[in-house]
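A.B. asks: Sharing work_32.cif below, mmCIF, C-alpha atoms:
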```cif
data_model
loop_
_atom_site.label_atom_id
_atom_site.label_comp_id
_atom_site.auth_asym_id
_atom_site.auth_seq_id
_atom_site.Cartn_x
_atom_site.Cartn_y
_atom_site.Cartn_z
CA MET A 5 54.47 -32.63 32.06
CA ALA A 6 57.70 -31.02 33.26
CA ILE A 7 58.87 -27.66 34.52
CA PHE A 8 62.05 -26.00 33.33
CA PHE A 9 64.49 -24.15 35.57
CA VAL A 10 67.82 -22.44 35.14
CA LEU A 11 69.94 -24.79 37.27
CA TRP A 12 73.52 -24.14 38.27
CA TYR A 13 76.01 -27.02 37.99
CA ASN A 14 79.39 -26.92 39.75
CA GLY A 15 79.08 -23.20 40.43
CA LYS A 16 78.36 -22.18 36.82
CA LYS A 17 75.39 -22.23 34.48
CA PRO A 18 75.65 -25.17 32.06
CA GLU A 19 75.93 -24.60 28.34
CA ARG A 20 72.42 -26.00 28.03
CA ALA A 21 71.07 -23.73 30.73
CA MET A 22 67.47 -24.98 30.80
CA SER A 23 67.23 -28.24 32.71
CA MET A 24 64.11 -30.25 33.45
CA LEU A 25 62.89 -31.28 36.89
CA PRO A 26 60.35 -34.14 37.01
CA GLN A 27 56.78 -32.99 37.62
CA ALA A 28 56.12 -35.79 40.13
CA PHE A 29 59.15 -34.67 42.16
CA LEU A 30 58.00 -31.02 42.18
CA GLU A 31 54.46 -31.93 43.22
CA ARG A 32 55.75 -33.97 46.14
CA MET A 33 58.14 -31.20 47.19
CA GLU A 34 55.27 -28.71 47.19
CA LEU A 35 53.33 -30.98 49.52
CA GLN A 36 56.37 -31.46 51.78
CA LEU A 37 57.37 -27.81 52.02
CA GLY A 38 54.05 -26.01 51.87
CA ALA A 39 54.59 -22.26 52.24
CA GLN A 40 58.39 -22.74 51.89
CA TYR A 41 58.09 -24.28 48.42
CA PRO A 42 58.70 -20.99 46.54
CA GLN A 43 61.87 -20.49 48.59
CA TYR A 44 63.07 -23.94 47.54
CA LEU A 45 62.46 -23.18 43.87
CA GLU A 46 64.34 -19.91 44.20
CA SER A 47 67.30 -21.67 45.86
CA LEU A 48 67.72 -23.90 42.80
CA GLN A 49 68.53 -20.85 40.69
CA ARG A 50 71.25 -19.52 42.99
CA PRO A 51 74.91 -20.47 42.43
CA ARG A 52 75.98 -23.53 44.38
CA ALA A 53 77.84 -22.97 47.64
CA VAL A 54 80.97 -25.11 47.18
CA ALA A 55 83.03 -26.24 50.16
CA LEU A 56 86.12 -28.11 51.25
CA ARG A 57 87.23 -29.69 54.50
CA PHE A 58 90.77 -29.37 55.80
CA ASN A 59 92.53 -32.50 57.03
CA PRO A 60 93.54 -32.18 60.71
CA LEU A 61 96.00 -35.06 60.25
CA LYS A 62 98.10 -32.55 58.28
CA GLY A 63 98.07 -29.93 61.07
CA GLU A 64 96.38 -26.56 61.25
CA PRO A 65 94.66 -25.34 58.05
CA PRO A 66 96.88 -23.15 55.87
CA ALA A 67 95.78 -19.67 54.83
CA MET A 68 94.41 -19.85 51.29
CA PRO A 69 93.09 -16.81 49.41
CA PHE A 70 90.05 -18.58 47.92
CA VAL A 71 88.74 -19.91 51.26
CA ARG A 72 85.69 -18.05 52.61
CA ASP A 73 83.28 -18.54 55.52
CA ALA A 74 83.32 -21.52 57.87
CA VAL A 75 80.78 -24.33 57.59
CA PRO A 76 78.90 -23.99 60.93
CA TRP A 77 78.56 -27.72 61.70
CA GLU A 78 82.15 -28.78 60.83
CA ARG A 79 85.10 -26.99 62.41
CA MET A 80 87.43 -27.96 59.53
CA GLY A 81 84.88 -27.15 56.82
CA PHE A 82 84.94 -23.93 54.77
CA TYR A 83 83.16 -22.54 51.74
CA TYR A 84 85.41 -21.40 48.92
CA ASP A 85 85.26 -19.13 45.91
CA PRO A 86 83.40 -21.06 43.17
CA GLU A 87 85.75 -19.57 40.58
CA ALA A 88 88.74 -21.23 42.28
CA ARG A 89 89.92 -24.69 41.28
CA PRO A 90 91.36 -26.14 44.52
CA GLY A 91 91.41 -29.64 43.06
CA LEU A 92 94.36 -28.57 40.90
CA HIS A 93 96.41 -27.14 43.78
CA PRO A 94 99.38 -29.21 45.07
CA TYR A 95 97.81 -29.11 48.53
CA HIS A 96 95.01 -31.30 47.19
CA GLU A 97 97.52 -33.94 46.08
CA ALA A 98 99.22 -33.67 49.47
CA GLY A 99 95.93 -34.48 51.21
CA VAL A 100 95.70 -31.11 52.95
CA TYR A 101 91.98 -30.92 52.19
CA TYR A 102 89.06 -32.83 50.70
CA LEU A 103 86.48 -31.23 48.41
CA GLN A 104 83.13 -32.01 50.02
CA GLU A 105 79.67 -30.54 49.74
CA ALA A 106 78.81 -28.73 52.98
CA SER A 107 75.56 -30.61 53.72
CA ALA A 108 77.42 -33.90 53.33
CA MET A 109 79.59 -32.95 56.32
CA ALA A 110 76.57 -33.08 58.66
CA PRO A 111 76.19 -36.87 59.21
CA VAL A 112 79.70 -37.25 60.65
CA ALA A 113 79.14 -34.20 62.86
CA LEU A 114 76.07 -36.03 64.22
CA LEU A 115 77.97 -39.34 64.48
CA ASP A 116 80.53 -37.50 66.64
CA PRO A 117 83.43 -40.04 66.50
CA GLN A 118 85.91 -39.94 69.37
CA PRO A 119 89.64 -40.83 69.29
CA GLY A 120 90.23 -44.48 70.15
CA GLU A 121 86.81 -45.73 69.08
CA ARG A 122 85.92 -48.36 66.49
CA ILE A 123 83.95 -46.80 63.66
CA CYS A 124 82.35 -48.32 60.56
CA ASP A 125 81.39 -46.30 57.46
CA LEU A 126 79.29 -48.92 55.73
CA CYS A 127 78.64 -47.19 52.36
CA ALA A 128 81.83 -45.18 52.17
CA ALA A 129 82.79 -44.30 48.57
CA PRO A 130 84.14 -41.96 47.42
CA GLY A 131 85.49 -41.29 50.92
CA GLY A 132 84.31 -37.86 52.02
CA LYS A 133 82.71 -39.06 55.23
CA SER A 134 85.39 -41.70 55.91
CA THR A 135 88.17 -39.12 55.71
CA GLN A 136 86.09 -36.80 57.89
CA ILE A 137 85.76 -39.57 60.50
CA ALA A 138 89.50 -40.24 60.31
CA GLY A 139 90.12 -36.58 61.06
CA ARG A 140 88.01 -36.90 64.20
CA LEU A 141 89.85 -40.07 65.29
CA MET A 142 93.26 -38.36 64.86
CA GLY A 143 95.03 -41.67 64.23
CA GLU A 144 93.61 -43.43 67.30
CA GLY A 145 91.18 -46.34 67.12
CA LEU A 146 89.96 -48.22 64.06
CA LEU A 147 88.04 -47.08 60.98
CA VAL A 148 86.48 -49.72 58.74
CA CYS A 149 85.27 -48.14 55.51
CA ASN A 150 83.36 -50.37 53.13
CA GLU A 151 82.06 -50.02 49.58
CA ILE A 152 80.17 -52.76 47.75
CA ASN A 153 80.98 -51.47 44.24
CA PRO A 154 84.52 -52.58 43.26
CA LYS A 155 85.33 -49.52 41.11
CA ARG A 156 84.08 -47.09 43.73
CA ALA A 157 85.96 -49.05 46.42
CA LYS A 158 89.21 -48.34 44.57
CA ILE A 159 88.42 -44.61 44.55
CA LEU A 160 87.69 -44.82 48.27
CA SER A 161 91.03 -46.54 48.89
CA ARG A 162 92.91 -43.86 46.93
CA ASN A 163 91.31 -41.09 48.98
CA ILE A 164 92.18 -42.85 52.23
CA GLU A 165 95.77 -42.97 50.97
CA ARG A 166 95.81 -39.34 49.77
CA LEU A 167 94.77 -37.99 53.16
CA GLY A 168 97.48 -39.95 54.97
CA ILE A 169 95.17 -42.16 57.05
CA ALA A 170 96.95 -45.00 58.83
CA ASN A 171 94.21 -46.59 60.96
CA ALA A 172 91.72 -47.52 58.22
CA LEU A 173 90.70 -50.90 56.86
CA VAL A 174 89.14 -50.57 53.38
CA THR A 175 86.82 -53.42 52.37
CA ASN A 176 84.76 -54.28 49.29
CA GLU A 177 81.98 -56.41 50.75
CA HIS A 178 78.21 -56.74 50.88
CA PRO A 179 76.90 -55.35 54.19
CA ALA A 180 75.33 -58.76 54.92
CA VAL A 181 78.83 -60.29 54.93
CA LEU A 182 80.18 -57.70 57.36
CA GLU A 183 77.26 -58.04 59.78
CA LYS A 184 78.20 -61.68 60.29
CA ARG A 185 81.89 -60.89 60.79
CA PHE A 186 81.48 -57.92 63.14
CA PRO A 187 78.44 -58.48 65.40
CA GLY A 188 78.32 -55.79 68.11
CA PHE A 189 81.87 -54.73 67.24
CA PHE A 190 81.67 -50.99 66.57
CA ASP A 191 81.13 -48.03 68.87
CA ARG A 192 79.52 -46.08 66.02
CA VAL A 193 78.25 -46.99 62.57
CA LEU A 194 77.49 -44.55 59.76
CA ILE A 195 75.16 -45.57 56.93
CA ASP A 196 75.15 -42.91 54.24
CA ALA A 197 72.88 -45.03 52.11
CA PRO A 198 72.65 -45.16 48.31
CA CYS A 199 69.59 -43.11 47.41
CA SER A 200 67.64 -41.44 44.60
CA GLY A 201 69.99 -38.45 44.88
CA GLU A 202 67.52 -35.56 44.84
CA GLY A 203 70.08 -33.42 46.65
CA MET A 204 72.46 -34.04 43.73
CA PHE A 205 70.22 -32.48 41.07
CA ARG A 206 72.37 -29.35 40.80
CA LYS A 207 75.66 -31.19 40.92
CA GLU A 208 74.99 -33.98 38.45
CA GLU A 209 72.51 -33.57 35.61
CA ALA A 210 72.27 -37.37 35.36
CA ALA A 211 70.63 -37.36 38.80
CA VAL A 212 67.70 -35.48 37.23
CA THR A 213 67.32 -37.69 34.17
CA ASP A 214 67.67 -40.94 36.16
CA TRP A 215 65.07 -40.00 38.78
CA SER A 216 61.69 -41.74 38.97
CA GLN A 217 59.22 -42.70 41.67
CA GLU A 218 60.12 -46.33 40.98
CA THR A 219 63.76 -45.50 41.77
CA VAL A 220 62.68 -43.96 45.09
CA GLN A 221 60.82 -47.14 46.04
CA MET A 222 63.71 -49.36 44.95
CA CYS A 223 66.18 -47.33 47.01
CA ALA A 224 63.92 -47.43 50.08
CA ALA A 225 63.79 -51.24 49.96
CA ARG A 226 67.56 -51.49 49.63
CA GLN A 227 68.12 -48.98 52.43
CA ARG A 228 66.10 -51.07 54.87
CA GLU A 229 68.31 -54.07 54.16
CA ILE A 230 71.49 -52.01 54.68
CA LEU A 231 70.14 -50.52 57.89
CA HIS A 232 69.46 -53.98 59.27
CA SER A 233 73.02 -55.09 58.50
CA GLY A 234 74.55 -51.95 60.00
CA ALA A 235 72.50 -52.30 63.17
CA GLN A 236 73.92 -55.76 63.85
CA MET A 237 77.41 -54.28 64.04
CA VAL A 238 76.64 -51.61 66.66
CA ARG A 239 77.68 -52.57 70.18
CA PRO A 240 75.18 -52.23 73.05
CA GLY A 241 75.19 -48.56 73.99
CA GLY A 242 76.60 -47.56 70.59
CA ARG A 243 75.37 -44.97 68.09
CA LEU A 244 74.00 -45.47 64.57
CA VAL A 245 73.58 -42.57 62.13
CA TYR A 246 71.54 -43.10 58.98
CA SER A 247 71.72 -40.47 56.23
CA THR A 248 70.86 -39.79 52.58
CA CYS A 249 71.26 -36.94 50.12
CA THR A 250 67.64 -37.15 49.01
CA PHE A 251 64.40 -35.48 50.14
CA ALA A 252 61.94 -38.38 49.65
CA PRO A 253 60.13 -39.34 52.90
CA GLU A 254 60.03 -42.98 51.71
CA GLU A 255 63.85 -43.07 51.88
CA ASN A 256 64.14 -41.00 55.04
CA GLU A 257 61.53 -40.75 57.81
CA GLN A 258 59.57 -43.78 56.62
CA THR A 259 62.71 -45.93 56.39
CA VAL A 260 63.76 -44.91 59.91
CA ALA A 261 60.27 -45.52 61.32
CA ALA A 262 60.13 -48.99 59.77
CA PHE A 263 63.59 -49.76 61.16
CA LEU A 264 62.66 -48.71 64.70
CA GLU A 265 59.48 -50.76 64.57
CA SER A 266 61.38 -53.91 63.59
CA HIS A 267 64.46 -53.24 65.77
CA PRO A 268 63.27 -52.50 69.34
CA ALA A 269 66.88 -52.54 70.60
CA PHE A 270 67.28 -49.07 69.03
CA TYR A 271 65.70 -45.75 69.95
CA PRO A 272 65.98 -42.15 68.67
CA GLU A 273 68.70 -40.20 70.41
CA VAL A 274 68.33 -36.54 71.32
CA VAL A 275 71.36 -34.53 70.21
CA SER A 276 71.98 -30.81 69.87
CA ALA A 277 72.09 -29.66 66.24
CA PRO A 278 70.79 -26.07 66.08
CA TRP A 279 71.72 -25.63 62.41
CA PHE A 280 69.29 -28.27 61.13
CA ALA A 281 65.51 -28.68 61.06
CA ALA A 282 64.65 -31.36 63.66
CA GLY A 283 61.98 -33.95 62.90
CA GLU A 284 60.65 -37.18 64.33
CA ASN A 285 62.65 -40.23 65.45
CA GLY A 286 65.93 -38.38 65.98
CA SER A 287 65.97 -37.07 62.42
CA PHE A 288 67.23 -33.83 60.91
CA ARG A 289 66.65 -32.15 57.57
CA LEU A 290 69.12 -29.88 55.81
CA TRP A 291 67.07 -27.88 53.32
CA PRO A 292 68.93 -26.02 50.56
CA HIS A 293 66.71 -22.95 50.95
CA LEU A 294 67.50 -22.67 54.68
CA LEU A 295 71.29 -23.06 54.65
CA LYS A 296 74.32 -22.96 52.36
CA GLY A 297 74.29 -26.48 50.98
CA GLU A 298 72.49 -28.87 48.64
CA GLY A 299 70.50 -30.65 51.34
CA HIS A 300 70.73 -33.85 53.37
CA PHE A 301 68.81 -36.06 55.80
CA ALA A 302 70.17 -37.76 58.90
CA ALA A 303 68.78 -39.68 61.87
CA VAL A 304 70.64 -40.40 65.12
CA LEU A 305 69.82 -43.71 66.81
CA ARG A 306 71.17 -45.43 69.92
CA ARG A 307 71.32 -49.13 70.75
CA ARG A 308 70.04 -50.04 74.19
CA GLY A 309 72.32 -51.76 76.68
CA GLU A 310 75.58 -51.31 78.49
CA GLU A 311 78.96 -50.95 76.81
CA ASP A 312 80.32 -54.32 75.76
CA VAL A 313 83.30 -54.08 73.43
CA PRO A 314 84.59 -57.39 72.01
CA GLU A 315 88.30 -57.98 72.41
CA VAL A 316 90.62 -58.28 69.42
CA SER A 317 93.25 -60.96 69.47
CA VAL A 318 95.44 -61.25 66.39
CA LYS A 319 98.87 -62.85 66.22
CA ALA A 320 101.66 -60.31 65.82
CA GLU A 321 104.22 -60.68 63.04
CA LYS A 322 107.84 -59.64 63.00
CA PRO A 323 108.67 -56.74 60.64
CA PRO A 324 111.34 -57.52 58.01
CA LYS A 325 114.89 -56.33 58.58
CA GLU A 326 114.83 -54.28 55.37
CA TRP A 327 111.99 -52.16 56.74
CA LEU A 328 113.66 -51.74 60.12
CA ASP A 329 116.87 -50.55 58.46
CA PHE A 330 114.96 -48.12 56.21
CA ALA A 331 112.92 -46.72 59.12
CA LYS A 332 116.05 -46.25 61.23
CA GLU A 333 117.91 -44.49 58.42
CA LEU A 334 115.08 -41.99 57.87
CA GLY A 335 114.02 -41.71 61.50
CA ILE A 336 110.48 -43.03 61.01
CA ASP A 337 108.48 -43.86 64.14
CA LEU A 338 105.21 -45.68 63.52
CA PRO A 339 102.16 -45.51 65.82
CA ASP A 340 100.98 -48.53 67.79
CA GLY A 341 100.20 -51.40 65.45
CA ARG A 342 101.59 -54.48 63.83
CA PRO A 343 103.09 -55.46 60.45
CA VAL A 344 100.91 -57.26 57.92
CA LEU A 345 102.16 -58.75 54.66
CA PHE A 346 99.36 -58.18 52.14
CA GLY A 347 100.21 -59.45 48.69
CA GLN A 348 103.72 -58.17 47.94
CA SER A 349 103.34 -55.09 50.16
CA LEU A 350 104.07 -54.55 53.82
CA TYR A 351 101.33 -52.74 55.74
CA TRP A 352 101.14 -51.38 59.27
CA ALA A 353 97.79 -52.41 60.75
CA PRO A 354 96.16 -50.54 63.66
CA PRO A 355 96.21 -52.46 66.95
CA GLN A 356 92.42 -52.98 67.02
CA MET A 357 92.23 -54.42 63.51
CA PRO A 358 90.45 -57.81 63.56
CA ASP A 359 91.13 -60.91 61.51
CA ILE A 360 90.64 -60.09 57.81
CA ALA A 361 90.87 -63.62 56.45
CA ARG A 362 88.32 -64.35 53.68
CA LEU A 363 87.30 -60.70 53.42
CA LYS A 364 87.70 -58.63 50.26
CA VAL A 365 90.24 -56.10 51.52
CA LEU A 366 91.81 -53.29 49.53
CA ARG A 367 93.84 -51.63 52.27
CA PRO A 368 94.59 -53.17 55.71
CA GLY A 369 96.08 -50.08 57.34
CA LEU A 370 99.04 -47.96 56.26
CA GLU A 371 100.99 -49.25 53.26
CA LEU A 372 104.72 -49.05 54.06
CA GLY A 373 106.24 -50.47 50.86
CA GLU A 374 107.85 -53.57 49.42
CA VAL A 375 111.01 -55.56 49.97
CA LYS A 376 112.74 -55.91 46.59
CA LYS A 377 115.99 -57.85 46.20
CA GLY A 378 117.07 -57.28 49.76
CA ARG A 379 116.18 -53.57 49.85
CA PHE A 380 113.09 -51.66 50.93
CA GLU A 381 111.15 -49.46 48.50
CA PRO A 382 108.69 -47.13 50.28
CA ALA A 383 105.06 -46.75 49.22
CA HIS A 384 103.44 -43.48 48.19
CA ALA A 385 101.02 -43.93 51.10
CA LEU A 386 103.90 -43.79 53.57
CA ALA A 387 105.06 -40.48 52.12
CA LEU A 388 101.60 -38.95 52.49
CA TRP A 389 101.34 -40.15 56.09
CA LEU A 390 104.75 -38.82 57.09
CA GLY A 391 104.99 -35.24 58.23
CA ASP A 392 108.78 -35.20 58.08
CA CYS A 393 111.85 -37.43 58.24
CA LYS A 394 115.64 -37.16 58.36
CA ASN A 395 115.98 -36.90 54.59
CA ALA A 396 113.43 -34.43 53.21
CA MET A 397 113.24 -31.37 51.00
CA SER A 398 110.45 -28.84 50.60
CA PHE A 399 109.53 -26.70 47.60
CA PRO A 400 107.08 -23.78 47.51
CA ALA A 401 103.70 -24.97 46.24
CA ASP A 402 103.84 -22.55 43.30
CA SER A 403 107.48 -23.23 42.39
CA ALA A 404 108.73 -24.55 39.06
CA GLN A 405 110.63 -27.30 40.91
CA LEU A 406 107.47 -28.71 42.50
CA GLY A 407 105.64 -28.42 39.19
CA ALA A 408 108.39 -30.41 37.52
CA TYR A 409 108.28 -33.03 40.27
CA LEU A 410 104.49 -33.46 39.94
CA HIS A 411 104.99 -33.76 36.18
CA GLY A 412 107.35 -36.69 36.74
CA ASP A 413 110.63 -34.90 35.92
CA VAL A 414 113.91 -35.02 37.81
CA VAL A 415 114.72 -31.98 39.94
CA PRO A 416 118.04 -30.64 41.30
CA CYS A 417 118.90 -32.14 44.68
CA ASP A 418 122.07 -32.42 46.78
CA LYS A 419 120.70 -35.29 48.88
CA ARG A 420 121.39 -38.98 48.54
CA GLY A 421 119.08 -41.93 49.01
CA TRP A 422 115.36 -41.90 49.58
CA CYS A 423 114.08 -38.37 50.12
CA LEU A 424 110.65 -37.15 51.20
CA VAL A 425 109.37 -34.38 48.90
CA ARG A 426 107.11 -31.75 50.43
CA ALA A 427 105.04 -28.79 49.23
CA ASP A 428 105.38 -25.92 51.71
CA GLY A 429 106.15 -28.53 54.34
CA TYR A 430 103.28 -30.89 53.41
CA SER A 431 104.55 -34.31 52.34
CA ILE A 432 103.56 -35.21 48.80
CA GLY A 433 105.79 -38.05 47.54
CA TRP A 434 109.18 -39.77 47.29
CA GLY A 435 112.31 -39.21 45.27
CA LYS A 436 115.75 -40.79 45.32
CA GLY A 437 118.78 -38.54 45.21
CA ASP A 438 122.27 -39.19 43.85
CA GLY A 439 123.79 -35.98 45.20
CA THR A 440 123.00 -34.00 42.04
CA VAL A 441 119.41 -34.73 41.01
CA LEU A 442 116.37 -36.37 42.53
CA LYS A 443 115.06 -39.36 40.60
CA ASN A 444 111.29 -39.07 40.49
CA HIS A 445 109.17 -41.67 42.31
CA TYR A 446 105.86 -39.80 42.15
CA PRO A 447 103.24 -42.37 40.99
CA LYS A 448 102.81 -42.32 37.22
CA GLY A 449 99.05 -42.42 37.50
CA LEU A 450 99.05 -39.13 39.45
CA ARG A 451 101.48 -37.17 37.31
CA ARG A 452 100.24 -34.03 35.60
#
```
Can I see the file as structure tokens?
C.D. replies:
Amino acid sequence: MAIFFVLWYNGKKPERAMSMLPQAFLERMELQLGAQYPQYLESLQRPRAVALRFNPLKGEPPAMPFVRDAVPWERMGFYYDPEARPGLHPYHEAGVYYLQEASAMAPVALLDPQPGERICDLCAAPGGKSTQIAGRLMGEGLLVCNEINPKRAKILSRNIERLGIANALVTNEHPAVLEKRFPGFFDRVLIDAPCSGEGMFRKEEAAVTDWSQETVQMCAARQREILHSGAQMVRPGGRLVYSTCTFAPEENEQTVAAFLESHPAFYPEVVSAPWFAAGENGSFRLWPHLLKGEGHFAAVLRRRGEEDVPEVSVKAEKPPKEWLDFAKELGIDLPDGRPVLFGQSLYWAPPQMPDIARLKVLRPGLELGEVKKGRFEPAHALALWLGDCKNAMSFPADSAQLGAYLHGDVVPCDKRGWCLVRADGYSIGWGKGDGTVLKNHYPKGLRR
């Protein structure tokens, strides 16, 4: 037996408006929510509250007409007009903001990363929480963001690049591999675990059709393994946040309780989070009928012991002359770090980055570019990280010139040599001028 509801997907009713929710799911939700169950059902038939999060690495948020109220638990988070399409705006390509469901911003708010710390996002794709952490670090410290699925890891890496993040190491490993490489290494670890996705029912119709009680049990077993691996990487005195976008107790409170029973070095931590419904073992629930969001679960845990941060000792390499000449010509000053030759590309690794030998790495820091036939060709990632340089030009975001550039066309330009292209002052890509036009170096895969 099933019950039909008018669900809203991506802010609009779908063409096939009647969508089916599994009866077993509804019966469990009625038991969980009791008198609040009718409110939950009613919330499913309201339009989704869509949100975005501005990137503090790009400066103060710009004024945008479609941006509405602030997300209470994330200072850079805002709801926006569901009729708007901010993913098509040039600011999106410039990494000025990240489209992220409001509830999904809560786990990083509870993780509370601080500049200079070592942070691990263990299940990081597509990158919403990793980029949120990077905004809290403000370029200081180390962020290791990992994704076990190779295709999703590539999406994660692209989002790290788009938001101009320099101090991130992107890996594609099994958590069990990382636990052996980084025992007690991180100040804070976030595990936004793969789950049955009950909070995604209104965003992705496949989440409804793929759901089953067997899937819930399978996810719970996998989550306990991931939690064990993540715990090994937390330093004594460090914080671990476990979260899911599902409502099933088997994947949430029961998983946390089982973890605490088998890991006595950890205990629930009391934190202030007045926006969320507090539960047992340091856990919080974000219910879609009680706030503007699709729902989430998170638990805050602390490892016993005094601070003991392992040292990092990696041999420094000398940057190539071609890069030094290029950086001097454009007036580029890099943060603390060291050069790393990764494949054919030169990267700038954060100072705390450990040895990455024998790890599946997609991005070991900020990609600077490549040395080709005695000259340096800058990477798109470098453009997105840069705020400005000696040779730059800016077009209005709604101008025909910027539209032509994003399309891959040449644009008029009186500059010579490598030139940073910006949209209203936000860096968005490279071009190379000959004094008359700017040859387009915007990546072909991103062109409109």
A.B. asks: To verify the selection step, state as an MDAnalysis selection string which residues the PyMOL selection byres ((chain A and resi 161) around 9) yields on this input.
C.D. replies: chainID A and resid 129:131 149 156:160 162:166 174:175 366:367
A.B. asks: Hey, which of A:Ser247, A:Thr259, A:Asn171, A:Asn153 ends up closest to Arg140 in chain A? Count all atoms listed in the file.
C.D. replies: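 Selected residue with least distance to Arg140 in chain A: A:Asn171.
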A.B. asks: May I have the centre and edge lengths, in Å to one decimal, of an axis-aligned box around the listed atoms of range 405-420 of chain A with 8 Å added to every side, as JSON?
C.D. replies:
```
{"center_x": 113.3, "center_y": -33.1, "center_z": 42.4, "size_x": 33.6, "size_y": 27.7, "size_z": 29.0}
```
A.B. asks: Could you check which of A:Met204, A:Leu450, A:Leu264, A:Val365 is closest to Phe251 in chain A, using only C-alpha atoms?
C.D. replies: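 Of all the options, A:Met204 lies closest to Phe251 in chain A.
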A.B. asks: Mind pulling up the distance from CA of Gly99 in chain A to CA of Phe205 in chain A?
C.D. replies: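 Atom-to-atom, CA of Phe205 in chain A and CA of Gly99 in chain A are spaced 27.7 Å apart.
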A.B. asks: Suppose you want the space between CA of Pro272 in chain A and CA of Val304 in chain A; what is it in Å?
C.D. replies: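 Between CA of Pro272 in chain A and CA of Val304 in chain A the gap works out to 6.1 Å.
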A.B. asks: Give me the residues of range 243-333 of chain A that have any atom at most 12 Å from an atom of range 216-232 of chain A; for each, the nearest atom pair and the distance in Å, rounded to one decimal. Use only C-alpha atoms, sort by chain and number, and format it as a tab-separated table.
C.D. replies:
```
residue	atom	partner	partner_atom	distance
A:Leu244	CA	A:Leu231	CA	9.2
A:Val245	CA	A:Leu231	CA	9.6
A:Tyr246	CA	A:Leu231	CA	7.6
A:Ser247	CA	A:Gln227	CA	10.0
A:Thr248	CA	A:Gln227	CA	9.6
A:Cys249	CA	A:Cys223	CA	12.0
A:Thr250	CA	A:Val220	CA	9.3
A:Phe251	CA	A:Val220	CA	10.0
A:Ala252	CA	A:Val220	CA	7.2
A:Pro253	CA	A:Ala224	CA	9.4
A:Glu254	CA	A:Ala224	CA	6.1
A:Glu255	CA	A:Ala224	CA	4.7
A:Asn256	CA	A:Ala224	CA	8.1
A:Glu257	CA	A:Ala224	CA	10.5
A:Gln258	CA	A:Ala224	CA	8.7
A:Thr259	CA	A:Arg228	CA	6.3
A:Val260	CA	A:Arg228	CA	8.3
A:Ala261	CA	A:Arg228	CA	10.3
A:Ala262	CA	A:Arg228	CA	8.0
A:Phe263	CA	A:Arg228	CA	6.9
A:Leu264	CA	A:His232	CA	10.2
A:Glu265	CA	A:Arg228	CA	11.7
A:Ser266	CA	A:His232	CA	9.2
A:His267	CA	A:His232	CA	8.2
A:Pro268	CA	A:His232	CA	11.9
A:Ala269	CA	A:His232	CA	11.7
A:Phe270	CA	A:His232	CA	11.1
A:Ala303	CA	A:Leu231	CA	11.6
A:Leu305	CA	A:Leu231	CA	11.2
```
A.B. asks: Could you state the separation of CA of Ser431 in chain A and CA of Lys443 in chain A in Å, given to one decimal place?
C.D. replies: 16.5 Å
A.B. asks: Evaluate the PyMOL selection byres ((chain A and resi 343) around 7) and record the selected residues as a list in words, following the chain and residue labels used in the document.
C.D. replies: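 Here the PyMOL selection byres ((chain A and resi 343) around 7) matches Glu321, Lys322, Pro323, Arg342, Val344, Leu345, Leu350, Tyr351, Trp352 and Ala353 of chain A.
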A.B. asks: Include C-alpha atoms and write out the residues we just selected as an mmCIF file, keeping the file's coordinate frame.
C.D. replies:
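Heads up, here's the output in part-v2.cif:
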```cif
data_model
loop_
_atom_site.group_PDB
_atom_site.id
_atom_site.type_symbol
_atom_site.label_atom_id
_atom_site.label_comp_id
_atom_site.auth_asym_id
_atom_site.auth_seq_id
_atom_site.Cartn_x
_atom_site.Cartn_y
_atom_site.Cartn_z
ATOM 1 C CA GLU A 321 104.220 -60.680 63.040
ATOM 2 C CA LYS A 322 107.840 -59.640 63.000
ATOM 3 C CA PRO A 323 108.670 -56.740 60.640
ATOM 4 C CA ARG A 342 101.590 -54.480 63.830
ATOM 5 C CA VAL A 344 100.910 -57.260 57.920
ATOM 6 C CA LEU A 345 102.160 -58.750 54.660
ATOM 7 C CA LEU A 350 104.070 -54.550 53.820
ATOM 8 C CA TYR A 351 101.330 -52.740 55.740
ATOM 9 C CA TRP A 352 101.140 -51.380 59.270
ATOM 10 C CA ALA A 353 97.790 -52.410 60.750
#
```
A.B. asks: Restricting the calculation to all atoms listed in the file: of A:Cys124, A:Ala98, A:Ala53, A:Ala282, which residue gets closest to Trp434 in chain A?
C.D. replies: A:Ala98
A.B. asks: Between A:Leu390, A:Val415, A:Ala385, A:Ala55, which one has atoms that come closest to Tyr84 in chain A, using all atoms listed in the file?
C.D. replies: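 Using all atoms listed in the file, Tyr84 in chain A sits closest to A:Ala55.
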A.B. asks: Where does the PyMOL selection byres ((chain A and resi 30) around 12) land in this file, that is, which residues does it pick, as a PyMOL selection string?
C.D. replies: chain A and resi 5-9+24-29+31-38+41-42+44-45+202+212+215-217+251-252
A.B. asks: Which one is closest to Leu410 in chain A: A:Trp327, A:Trp422, A:Tyr446, A:Trp389? Count all atoms listed in the file.
C.D. replies: A:Tyr446
A.B. asks: So, counting all atoms listed in the file, which residue among A:Ser200, A:Gly378, A:Asp85, A:Gly297 is closest to Phe280 in chain A?
C.D. replies: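 For Phe280 in chain A, the nearest of the candidates is A:Gly297.
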A.B. asks: Residues near Asp438 in chain A, anyone? I mean within 8 Å using only C-alpha atoms, not counting same-chain ones fewer than 2 positions away, as a PyMOL selection string.
C.D. replies: chain A and resi 417-421+436+440-443
